[in-house]
$ cat target36.cif   # mmCIF, C-alpha atoms
data_structure
#
loop_
_atom_site.label_atom_id
_atom_site.label_comp_id
_atom_site.auth_asym_id
_atom_site.auth_seq_id
_atom_site.Cartn_x
_atom_site.Cartn_y
_atom_site.Cartn_z
CA MET I 238 123.29 114.83 86.96
CA PRO I 239 121.38 111.61 87.77
CA LEU I 240 117.83 111.07 86.56
CA ILE I 241 115.47 111.33 89.57
CA LEU I 242 112.61 108.82 89.70
CA GLU I 243 109.75 108.85 92.18
CA ALA I 244 109.07 105.45 93.74
CA SER I 245 105.32 106.10 93.39
CA SER I 246 105.71 106.17 89.59
CA LEU I 247 107.40 102.75 89.30
CA PHE I 248 105.90 99.48 88.13
CA LEU I 249 107.01 96.05 89.33
CA ASN I 250 109.05 95.50 86.16
CA ASP I 251 110.90 98.75 86.90
CA VAL I 252 111.69 97.60 90.45
CA HIS I 253 112.97 94.25 89.18
CA ARG I 254 115.17 95.90 86.55
CA PHE I 255 116.52 98.87 88.47
CA LEU I 256 117.17 97.10 91.77
CA LYS I 257 118.04 93.65 90.38
CA LEU I 258 115.31 92.30 92.67
CA GLU I 259 114.03 88.78 91.94
CA GLU I 260 110.61 87.42 92.93
CA LEU I 261 110.53 83.91 94.41
CA SER I 262 107.49 81.63 94.66
CA THR I 263 104.87 82.49 97.27
CA GLY I 264 106.07 81.76 100.78
CA SER I 265 104.46 80.66 104.03
CA PHE I 266 104.41 82.68 107.24
CA THR I 267 105.38 79.64 109.30
CA ASP I 268 108.59 79.23 107.28
CA PHE I 269 109.90 82.40 108.94
CA LEU I 270 107.68 83.21 111.92
CA ASN I 271 106.40 81.58 115.08
CA LEU I 272 102.66 82.34 115.18
CA GLU I 273 101.44 82.19 118.77
CA PRO I 274 97.77 81.83 119.83
CA LEU I 275 95.99 85.07 120.72
CA THR I 276 94.72 85.78 124.21
CA GLU I 277 91.04 86.45 124.84
CA PHE I 278 91.82 90.14 125.34
CA GLU I 279 93.68 90.30 122.01
CA GLN I 280 90.79 88.65 120.19
CA GLN I 281 88.29 91.10 121.69
CA ASP I 282 90.47 94.09 120.80
CA LEU I 283 90.93 92.71 117.29
CA LEU I 284 87.15 92.45 116.91
CA ARG I 285 86.80 96.11 117.89
CA ILE I 286 89.37 97.09 115.25
CA ARG I 287 87.45 95.10 112.61
CA ASN I 288 84.14 96.65 113.63
CA ASP I 289 85.58 100.17 113.58
CA PHE I 290 86.95 99.65 110.08
CA HIS I 291 83.70 98.28 108.71
CA ARG I 292 81.70 101.12 110.25
CA TYR I 293 83.81 103.58 108.26
CA LEU I 294 83.87 101.40 105.15
CA ARG I 295 80.05 101.39 105.00
CA LEU I 296 80.19 105.17 104.68
CA GLY I 297 82.41 105.04 101.59
CA LYS I 298 86.08 105.12 100.64
CA ILE I 299 88.51 105.34 103.56
CA SER I 300 91.50 107.64 103.02
CA GLU I 301 95.10 106.55 103.56
CA GLY I 302 95.27 108.64 106.71
CA LEU I 303 92.21 106.96 108.20
CA VAL I 304 93.51 103.51 107.22
CA LYS I 305 96.61 104.23 109.30
CA PHE I 306 94.58 105.69 112.16
CA ILE I 307 91.79 103.11 112.55
CA THR I 308 93.55 99.89 111.52
CA ILE I 309 97.37 100.03 111.34
CA ALA I 310 97.94 102.08 114.51
CA PRO I 311 95.73 99.93 116.79
CA LEU I 312 97.01 96.69 115.26
CA MET I 313 100.62 97.71 115.82
CA ARG I 314 99.87 98.86 119.36
CA LEU I 315 98.19 95.53 120.12
CA ALA I 316 101.13 93.64 118.57
CA GLY I 317 103.70 95.44 120.75
CA PHE I 318 105.22 97.90 118.29
CA TYR I 319 104.72 100.77 120.72
CA ASP I 320 107.02 99.16 123.31
CA VAL I 321 110.77 99.59 123.86
CA PRO I 322 113.07 98.98 121.98
CA ILE I 323 110.87 99.45 118.88
CA ARG I 324 110.48 102.96 117.53
CA LEU I 325 108.05 104.03 114.80
CA THR I 326 108.71 106.74 112.25
CA MET I 327 106.41 108.13 109.56
CA GLU I 328 106.96 109.81 106.21
CA ASP I 329 110.71 109.21 106.26
CA SER I 330 112.39 110.28 103.03
CA ILE I 331 114.51 107.75 101.19
CA ALA I 332 116.88 107.82 98.21
CA ILE I 333 118.39 104.83 96.40
CA ALA I 334 121.20 105.04 93.87
CA VAL I 335 120.54 102.54 91.08
CA GLU I 336 123.54 100.34 90.28
CA ASP I 337 125.02 100.61 86.79
CA GLU I 338 122.55 103.33 85.81
CA ASP I 339 122.63 107.08 86.24
CA ARG I 340 119.39 107.11 88.18
CA ARG I 341 118.22 107.81 91.71
CA ILE I 342 114.91 106.65 93.17
CA THR I 343 113.33 108.83 95.85
CA GLY I 344 110.18 108.67 97.94
CA ARG I 345 108.69 108.71 101.43
CA MET I 346 107.93 105.62 103.51
CA ASP I 347 104.51 105.68 105.18
CA ILE I 348 105.52 103.81 108.35
CA LEU I 349 108.84 102.31 109.43
CA ALA I 350 109.42 100.31 112.62
CA ILE I 351 113.05 100.05 113.72
CA ASN I 352 114.82 98.21 116.53
CA ASN I 353 118.02 99.26 118.30
CA PRO I 354 117.54 102.92 117.28
CA GLN I 355 120.04 104.39 119.76
CA SER I 356 122.88 101.90 119.52
CA ASN I 357 126.37 103.28 118.85
CA ILE I 358 127.61 99.85 117.82
CA ALA I 359 125.23 98.69 115.11
CA PRO I 360 122.92 100.55 112.73
CA PRO I 361 119.17 100.48 113.46
CA PHE I 362 117.47 97.25 112.44
CA TRP I 363 114.46 97.76 110.17
CA VAL I 364 111.71 95.50 111.53
CA VAL I 365 108.93 96.25 109.03
CA VAL I 366 108.18 98.80 106.32
CA ILE I 367 104.51 99.64 105.70
CA GLU I 368 102.95 101.21 102.62
CA THR I 369 99.28 102.21 102.97
CA LYS I 370 96.69 102.99 100.31
CA ASN I 371 93.09 104.13 100.55
CA SER I 372 90.43 101.43 100.76
CA ALA I 373 89.50 101.72 97.07
CA VAL I 374 93.02 100.89 95.84
CA GLU I 375 94.18 97.31 95.36
CA VAL I 376 97.13 96.42 97.60
CA SER I 377 99.12 95.20 94.60
CA GLU I 378 99.40 98.84 93.47
CA GLY I 379 101.48 99.58 96.56
CA LEU I 380 104.00 96.80 95.97
CA PRO I 381 106.48 98.73 93.76
CA GLN I 382 106.80 101.49 96.38
CA LEU I 383 106.96 99.03 99.26
CA LEU I 384 109.66 96.90 97.64
CA THR I 385 111.71 99.98 96.75
CA TYR I 386 111.65 101.31 100.31
CA ALA I 387 112.25 97.94 101.96
CA PHE I 388 115.13 97.22 99.56
CA LYS I 389 117.07 100.10 101.12
CA SER I 390 117.42 98.17 104.40
CA LEU I 391 119.31 95.35 102.67
CA ASP I 392 122.36 97.63 102.62
CA GLN I 393 122.79 96.96 106.35
CA GLN I 394 120.85 93.80 107.23
CA PRO I 395 120.15 90.43 105.59
CA SER I 396 116.34 90.56 105.57
CA VAL I 397 113.30 92.72 106.25
CA TRP I 398 109.50 92.45 106.29
CA GLY I 399 107.23 94.73 104.31
CA LEU I 400 103.47 95.26 104.26
CA ALA I 401 101.20 96.85 101.67
CA THR I 402 97.62 97.43 102.80
CA ASN I 403 94.41 99.27 102.00
CA GLY I 404 92.99 98.56 105.45
CA LEU I 405 90.92 95.61 104.29
CA ARG I 406 93.58 93.47 102.63
CA TYR I 407 97.13 92.92 103.87
CA GLN I 408 100.00 91.77 101.65
CA PHE I 409 103.14 90.91 103.58
CA VAL I 410 106.44 90.57 101.74
CA TYR I 411 109.71 89.05 102.94
CA LEU I 412 112.91 90.45 101.40
CA ARG I 413 116.34 88.85 101.67
CA HIS I 414 119.83 89.59 100.41
CA ASP I 415 121.64 86.33 99.69
CA GLN I 416 123.56 85.98 96.45
CA GLN I 417 121.18 88.60 95.10
CA PRO I 418 118.19 90.45 96.58
CA THR I 419 114.95 88.46 96.47
CA TYR I 420 111.42 88.79 97.77
CA GLN I 421 108.52 86.48 98.49
CA LEU I 422 104.87 87.41 98.70
CA MET I 423 103.05 85.84 101.62
CA PRO I 424 99.38 84.71 101.52
CA LEU I 425 97.03 87.68 101.21
CA LEU I 426 95.06 88.31 104.42
CA SER I 427 91.68 90.02 104.78
CA LEU I 428 90.51 91.87 107.87
CA ASN I 429 86.99 90.88 106.84
CA GLU I 430 87.61 87.15 107.43
CA SER I 431 87.91 86.02 111.05
CA PRO I 432 90.66 83.39 110.52
CA ASP I 433 92.64 85.86 108.38
CA ALA I 434 92.25 88.66 110.95
CA ILE I 435 93.57 86.38 113.69
CA GLU I 436 96.54 85.36 111.54
CA LEU I 437 97.15 89.01 110.69
CA LEU I 438 97.61 89.93 114.34
CA GLN I 439 99.70 86.80 114.95
CA VAL I 440 102.01 87.84 112.10
CA PHE I 441 102.33 91.38 113.44
CA LYS I 442 103.18 90.05 116.91
CA SER I 443 105.77 87.61 115.58
CA ILE I 444 107.48 90.22 113.40
CA CYS I 445 107.61 92.60 116.36
CA LYS I 446 109.49 89.98 118.40
CA LEU I 447 112.15 89.26 115.77
CA PRO I 448 115.69 89.72 117.12
CA SER I 449 117.70 92.46 115.47
CA PHE I 450 120.41 90.10 114.26
CA GLN I 451 118.21 88.15 111.81
#

$ encode --input "target36.cif" --output "C-alpha cells"
Amino acid sequence: MPLILEASSLFLNDVHRFLKLEELSTGSFTDFLNLEPLTEFEQQDLLRIRNDFHRYLRLGKISEGLVKFITIAPLMRLAGFYDVPIRLTMEDSIAIAVEDEDRRITGRMDILAINNPQSNIAPPFWVVVIETKNSAVEVSEGLPQLLTYAFKSLDQQPSVWGLATNGLRYQFVYLRHDQQPTYQLMPLLSLNESPDAIELLQVFKSICKLPSFQ
C-alpha cells in the first residue's frame, strides 16, 4: 500500500527529491514568449481589474475564492482564455506516482487551462496551471503545490507554464522535460505596479496563444 502525500503538505525540497525536479536560474519572459503591446481597451479593462482588487484589499484579507473571482477570472477572459479551443477546469483532482519510492502525491489543481480538449488523436495540451492563495499568503508558499500539479503534464508534453498568485503578486514558472524535468522562476510581477500589471496581461495573452505542439 503506497504512502499517500497531500501536495499541500510538501515543501520545495520534497518536490525536488520526490519528483527529481531541478531548479534552473531565473528566466526571462521574452526567452519563451512574444509580448505584444496592449490595446487601449485592454489597458482600460486592466485598470478596472486593478481598482476592483484594491477596493477589496483595503477592506482586509481577500480569500482564495475572491482572488479567483476578481482578478484571475477577468484577467484570463481579457487574455483570451475563454475562447475556443481553450477550456478551463477547476478543482481537478490529480495523483502522481513517485518514481523509485512507494509514495503517491495527491491534490486538487485550482485552475487548469487546456487546449485541444476534444481531439481523438492527441491528448489535451496543458496551457497553464494556476495555484491561488489568499492575499495574506506569500506566493512562494504556493510553489510546491503548483510545481507538483504542473509536473504531471510532462508525462505527455515537453513543457508547461504555471502560475502561483495571491491576487497582488504573480509568480510564473516554466517547466520543461529535457534530459530531466526542470523549472525556471520568472520575474515576480505585482498588480500594484503599472508596468508589472501591463506585463502580466501581456504574459497571459502570449501563453494563451501558444500552439499545442510546443

$ closest_residue --input "target36.cif" --among "I:Asn271, I:Ser431, I:Thr276, I:Asn403" --to "I:Asn288" --atoms "all atoms listed in the file"
I:Ser431

$ residues_around --input "target36.cif" --residues "I:Ala434" --least-positions-apart "4" --cutoff "12 Å" --atoms "only C-alpha atoms" --output "list in words"
Leu275, Glu279, Gln280, Gln281, Asp282, Leu283, Leu284, Arg285, Ile286, Arg287, Asn288, Thr308, Leu312, Gly404, Leu405, Arg406, Tyr407, Leu425, Leu426, Ser427, Leu428, Asn429, Glu430, Leu438, Gln439, Val440 and Phe441 of chain I

$ atom_distance --input "target36.cif" --atom1 "atom CA of I:Lys305" --atom2 "atom CA of I:Ile367"
9.8 Å

$ atom_distance --input "target36.cif" --atom1 "atom CA of I:Ile309" --atom2 "atom CA of I:Leu447"
18.8 Å

$ resolve_selection --input "target36.cif" --expression "the PyMOL selection byres ((chain I and resi 272) around 8)" --output "list of chain:residue names"
I:Thr267, I:Leu270, I:Asn271, I:Glu273, I:Pro274, I:Glu436, I:Gln439, I:Val440, I:Lys442, I:Ser443

$ write_last_selection --input "target36.cif" --atoms "C-alpha atoms" --output "short mmCIF file (atom, residue, chain, number, x, y, z; two decimals), keeping the file's coordinate frame"
data_model
loop_
_atom_site.label_atom_id
_atom_site.label_comp_id
_atom_site.auth_asym_id
_atom_site.auth_seq_id
_atom_site.Cartn_x
_atom_site.Cartn_y
_atom_site.Cartn_z
CA THR I 267 105.38 79.64 109.30
CA LEU I 270 107.68 83.21 111.92
CA ASN I 271 106.40 81.58 115.08
CA GLU I 273 101.44 82.19 118.77
CA PRO I 274 97.77 81.83 119.83
CA GLU I 436 96.54 85.36 111.54
CA GLN I 439 99.70 86.80 114.95
CA VAL I 440 102.01 87.84 112.10
CA LYS I 442 103.18 90.05 116.91
CA SER I 443 105.77 87.61 115.58
#

$ resolve_selection --input "target36.cif" --expression "the PyMOL selection byres ((chain I and resi 247) around 10)" --output "list in words"
Leu242, Glu243, Ala244, Ser245, Ser246, Phe248, Leu249, Asn250, Asp251, Val252, Phe255, Ile342, Glu378, Gly379, Leu380, Pro381, Gln382 and Thr385 of chain I

$ closest_residue --input "target36.cif" --among "I:Asp347, I:Glu338, I:Glu277, I:Asp329" --to "I:Ala310" --atoms "all atoms listed in the file"
I:Asp347

$ residues_around --input "target36.cif" --residues "I:Leu422" --least-positions-apart "5" --cutoff "8 Å" --atoms "all atoms listed in the file" --output "mmCIF file with C-alpha atoms, keeping the file's coordinate frame"
data_model
loop_
_atom_site.group_PDB
_atom_site.id
_atom_site.type_symbol
_atom_site.label_atom_id
_atom_site.label_comp_id
_atom_site.auth_asym_id
_atom_site.auth_seq_id
_atom_site.Cartn_x
_atom_site.Cartn_y
_atom_site.Cartn_z
ATOM 1 C CA LEU I 261 110.530 83.910 94.410
ATOM 2 C CA SER I 262 107.490 81.630 94.660
ATOM 3 C CA THR I 263 104.870 82.490 97.270
ATOM 4 C CA GLY I 264 106.070 81.760 100.780
ATOM 5 C CA GLN I 408 100.000 91.770 101.650
ATOM 6 C CA PHE I 409 103.140 90.910 103.580
ATOM 7 C CA VAL I 410 106.440 90.570 101.740
ATOM 8 C CA TYR I 411 109.710 89.050 102.940
#

$ residues_around --input "target36.cif" --residues "I:Glu368" --least-positions-apart "3" --cutoff "7 Å" --atoms "all atoms listed in the file" --output "count of residues only"
8

$ decode --input "target36.cif" --residues "stretch 309-450 of chain I" --atoms "C-alpha atoms" --output "mmCIF file, in the first residue's frame"
data_model
loop_
_atom_site.group_PDB
_atom_site.id
_atom_site.type_symbol
_atom_site.label_atom_id
_atom_site.label_comp_id
_atom_site.auth_asym_id
_atom_site.auth_seq_id
_atom_site.Cartn_x
_atom_site.Cartn_y
_atom_site.Cartn_z
ATOM 1 C CA ILE I 309 -7.785 35.708 -12.236
ATOM 2 C CA ALA I 310 -11.147 35.273 -13.985
ATOM 3 C CA PRO I 311 -11.231 38.761 -15.577
ATOM 4 C CA LEU I 312 -7.534 38.627 -16.484
ATOM 5 C CA MET I 313 -7.970 35.277 -18.215
ATOM 6 C CA ARG I 314 -11.099 36.467 -20.008
ATOM 7 C CA LEU I 315 -9.261 39.565 -21.228
ATOM 8 C CA ALA I 316 -6.296 37.429 -22.341
ATOM 9 C CA GLY I 317 -8.489 35.109 -24.435
ATOM 10 C CA PHE I 318 -8.678 32.017 -22.236
ATOM 11 C CA TYR I 319 -12.460 31.920 -22.548
ATOM 12 C CA ASP I 320 -12.272 31.431 -26.333
ATOM 13 C CA VAL I 321 -12.207 28.219 -28.383
ATOM 14 C CA PRO I 322 -10.170 25.965 -28.361
ATOM 15 C CA ILE I 323 -9.138 26.712 -24.750
ATOM 16 C CA ARG I 324 -11.171 25.118 -21.990
ATOM 17 C CA LEU I 325 -10.883 25.919 -18.280
ATOM 18 C CA THR I 326 -11.376 23.416 -15.484
ATOM 19 C CA MET I 327 -11.332 23.975 -11.723
ATOM 20 C CA GLU I 328 -10.570 21.786 -8.721
ATOM 21 C CA ASP I 329 -9.399 18.869 -10.859
ATOM 22 C CA SER I 330 -8.008 16.015 -8.777
ATOM 23 C CA ILE I 331 -4.525 14.761 -9.553
ATOM 24 C CA ALA I 332 -2.366 11.832 -8.444
ATOM 25 C CA ILE I 333 1.337 11.301 -9.140
ATOM 26 C CA ALA I 334 3.211 8.076 -8.520
ATOM 27 C CA VAL I 335 6.686 8.889 -7.208
ATOM 28 C CA GLU I 336 9.464 7.054 -9.046
ATOM 29 C CA ASP I 337 11.596 4.644 -7.023
ATOM 30 C CA GLU I 338 9.557 5.277 -3.878
ATOM 31 C CA ASP I 339 6.377 3.703 -2.576
ATOM 32 C CA ARG I 340 4.580 7.023 -2.439
ATOM 33 C CA ARG I 341 1.732 8.771 -4.207
ATOM 34 C CA ILE I 342 1.130 12.520 -4.207
ATOM 35 C CA THR I 343 -2.461 13.713 -4.485
ATOM 36 C CA GLY I 344 -4.181 17.083 -4.588
ATOM 37 C CA ARG I 345 -6.558 19.367 -6.469
ATOM 38 C CA MET I 346 -5.498 21.972 -9.026
ATOM 39 C CA ASP I 347 -7.203 25.352 -8.588
ATOM 40 C CA ILE I 348 -7.407 26.248 -12.290
ATOM 41 C CA LEU I 349 -6.212 24.394 -15.386
ATOM 42 C CA ALA I 350 -6.414 25.711 -18.953
ATOM 43 C CA ILE I 351 -6.154 23.069 -21.672
ATOM 44 C CA ASN I 352 -6.020 23.188 -25.461
ATOM 45 C CA ASN I 353 -7.261 20.532 -27.889
ATOM 46 C CA PRO I 354 -9.627 19.058 -25.267
ATOM 47 C CA GLN I 355 -11.754 17.026 -27.701
ATOM 48 C CA SER I 356 -9.106 15.621 -30.014
ATOM 49 C CA ASN I 357 -9.117 11.853 -30.597
ATOM 50 C CA ILE I 358 -5.579 11.984 -31.955
ATOM 51 C CA ALA I 359 -3.530 13.708 -29.265
ATOM 52 C CA PRO I 360 -4.036 14.156 -25.523
ATOM 53 C CA PRO I 361 -5.151 17.596 -24.273
ATOM 54 C CA PHE I 362 -2.340 20.142 -24.107
ATOM 55 C CA TRP I 363 -1.993 21.802 -20.706
ATOM 56 C CA VAL I 364 -1.553 25.528 -21.381
ATOM 57 C CA VAL I 365 -1.208 26.827 -17.825
ATOM 58 C CA VAL I 366 -1.755 25.548 -14.284
ATOM 59 C CA ILE I 367 -2.766 28.132 -11.659
ATOM 60 C CA GLU I 368 -2.493 27.859 -7.881
ATOM 61 C CA THR I 369 -4.193 30.648 -5.910
ATOM 62 C CA LYS I 370 -3.745 31.726 -2.301
ATOM 63 C CA ASN I 371 -5.475 34.367 -0.213
ATOM 64 C CA SER I 372 -3.997 37.859 -0.274
ATOM 65 C CA ALA I 373 -2.234 37.432 3.082
ATOM 66 C CA VAL I 374 -0.170 34.428 1.924
ATOM 67 C CA GLU I 375 3.142 34.854 0.125
ATOM 68 C CA VAL I 376 3.091 33.396 -3.386
ATOM 69 C CA SER I 377 6.204 31.340 -2.639
ATOM 70 C CA GLU I 378 4.074 29.188 -0.325
ATOM 71 C CA GLY I 379 2.075 28.018 -3.333
ATOM 72 C CA LEU I 380 5.093 26.907 -5.350
ATOM 73 C CA PRO I 381 5.363 23.307 -4.046
ATOM 74 C CA GLN I 382 1.717 22.610 -4.947
ATOM 75 C CA LEU I 383 1.979 24.393 -8.276
ATOM 76 C CA LEU I 384 5.131 22.540 -9.322
ATOM 77 C CA THR I 385 3.639 19.200 -8.290
ATOM 78 C CA TYR I 386 0.490 19.731 -10.349
ATOM 79 C CA ALA I 387 2.280 21.167 -13.379
ATOM 80 C CA PHE I 388 4.807 18.319 -13.295
ATOM 81 C CA LYS I 389 2.009 15.883 -14.142
ATOM 82 C CA SER I 390 1.662 17.393 -17.638
ATOM 83 C CA LEU I 391 5.261 16.500 -18.503
ATOM 84 C CA ASP I 392 4.088 12.902 -18.944
ATOM 85 C CA GLN I 393 2.507 13.924 -22.255
ATOM 86 C CA GLN I 394 4.092 17.214 -23.374
ATOM 87 C CA PRO I 395 7.565 18.780 -23.288
ATOM 88 C CA SER I 396 6.730 21.961 -21.357
ATOM 89 C CA VAL I 397 4.045 23.815 -19.424
ATOM 90 C CA TRP I 398 3.500 27.176 -17.723
ATOM 91 C CA GLY I 399 2.433 27.534 -14.118
ATOM 92 C CA LEU I 400 1.318 30.487 -12.003
ATOM 93 C CA ALA I 401 1.151 30.954 -8.242
ATOM 94 C CA THR I 402 -0.663 34.092 -7.090
ATOM 95 C CA ASN I 403 -2.260 35.782 -4.102
ATOM 96 C CA GLY I 404 -4.014 38.316 -6.321
ATOM 97 C CA LEU I 405 -1.415 41.020 -5.745
ATOM 98 C CA ARG I 406 1.758 39.187 -6.741
ATOM 99 C CA TYR I 407 2.148 36.772 -9.654
ATOM 100 C CA GLN I 408 4.914 34.173 -9.894
ATOM 101 C CA PHE I 409 5.062 32.451 -13.265
ATOM 102 C CA VAL I 410 7.058 29.246 -13.644
ATOM 103 C CA TYR I 411 8.181 27.476 -16.815
ATOM 104 C CA LEU I 412 8.612 23.693 -16.595
ATOM 105 C CA ARG I 413 10.374 21.546 -19.182
ATOM 106 C CA HIS I 414 11.212 17.881 -19.612
ATOM 107 C CA ASP I 415 14.547 17.545 -21.397
ATOM 108 C CA GLN I 416 17.096 15.098 -20.059
ATOM 109 C CA GLN I 417 15.379 15.582 -16.716
ATOM 110 C CA PRO I 418 12.474 17.767 -15.547
ATOM 111 C CA THR I 419 13.469 21.349 -14.767
ATOM 112 C CA TYR I 420 11.754 24.602 -13.875
ATOM 113 C CA GLN I 421 12.582 28.280 -14.031
ATOM 114 C CA LEU I 422 11.018 31.048 -11.993
ATOM 115 C CA MET I 423 10.179 34.147 -13.996
ATOM 116 C CA PRO I 424 10.414 37.726 -12.629
ATOM 117 C CA LEU I 425 7.810 38.342 -9.929
ATOM 118 C CA LEU I 426 5.039 40.696 -11.099
ATOM 119 C CA SER I 427 2.825 42.938 -8.966
ATOM 120 C CA LEU I 428 -0.673 44.047 -9.894
ATOM 121 C CA ASN I 429 0.033 47.173 -7.838
ATOM 122 C CA GLU I 430 2.727 48.433 -10.240
ATOM 123 C CA SER I 431 1.545 49.744 -13.611
ATOM 124 C CA PRO I 432 4.450 48.384 -15.717
ATOM 125 C CA ASP I 433 4.155 44.999 -13.982
ATOM 126 C CA ALA I 434 0.373 44.876 -14.479
ATOM 127 C CA ILE I 435 0.805 45.559 -18.192
ATOM 128 C CA GLU I 436 3.450 42.839 -18.485
ATOM 129 C CA LEU I 437 1.204 40.480 -16.518
ATOM 130 C CA LEU I 438 -1.581 40.774 -19.082
ATOM 131 C CA GLN I 439 0.926 40.530 -21.948
ATOM 132 C CA VAL I 440 2.242 37.269 -20.478
ATOM 133 C CA PHE I 441 -1.262 35.861 -20.068
ATOM 134 C CA LYS I 442 -2.103 36.742 -23.681
ATOM 135 C CA SER I 443 1.095 35.208 -25.028
ATOM 136 C CA ILE I 444 0.668 31.966 -23.067
ATOM 137 C CA CYS I 445 -2.921 31.703 -24.300
ATOM 138 C CA LYS I 446 -1.694 31.848 -27.914
ATOM 139 C CA LEU I 447 0.931 29.117 -27.552
ATOM 140 C CA PRO I 448 0.465 26.311 -30.100
ATOM 141 C CA SER I 449 -0.329 22.924 -28.620
ATOM 142 C CA PHE I 450 2.770 21.277 -30.086
#
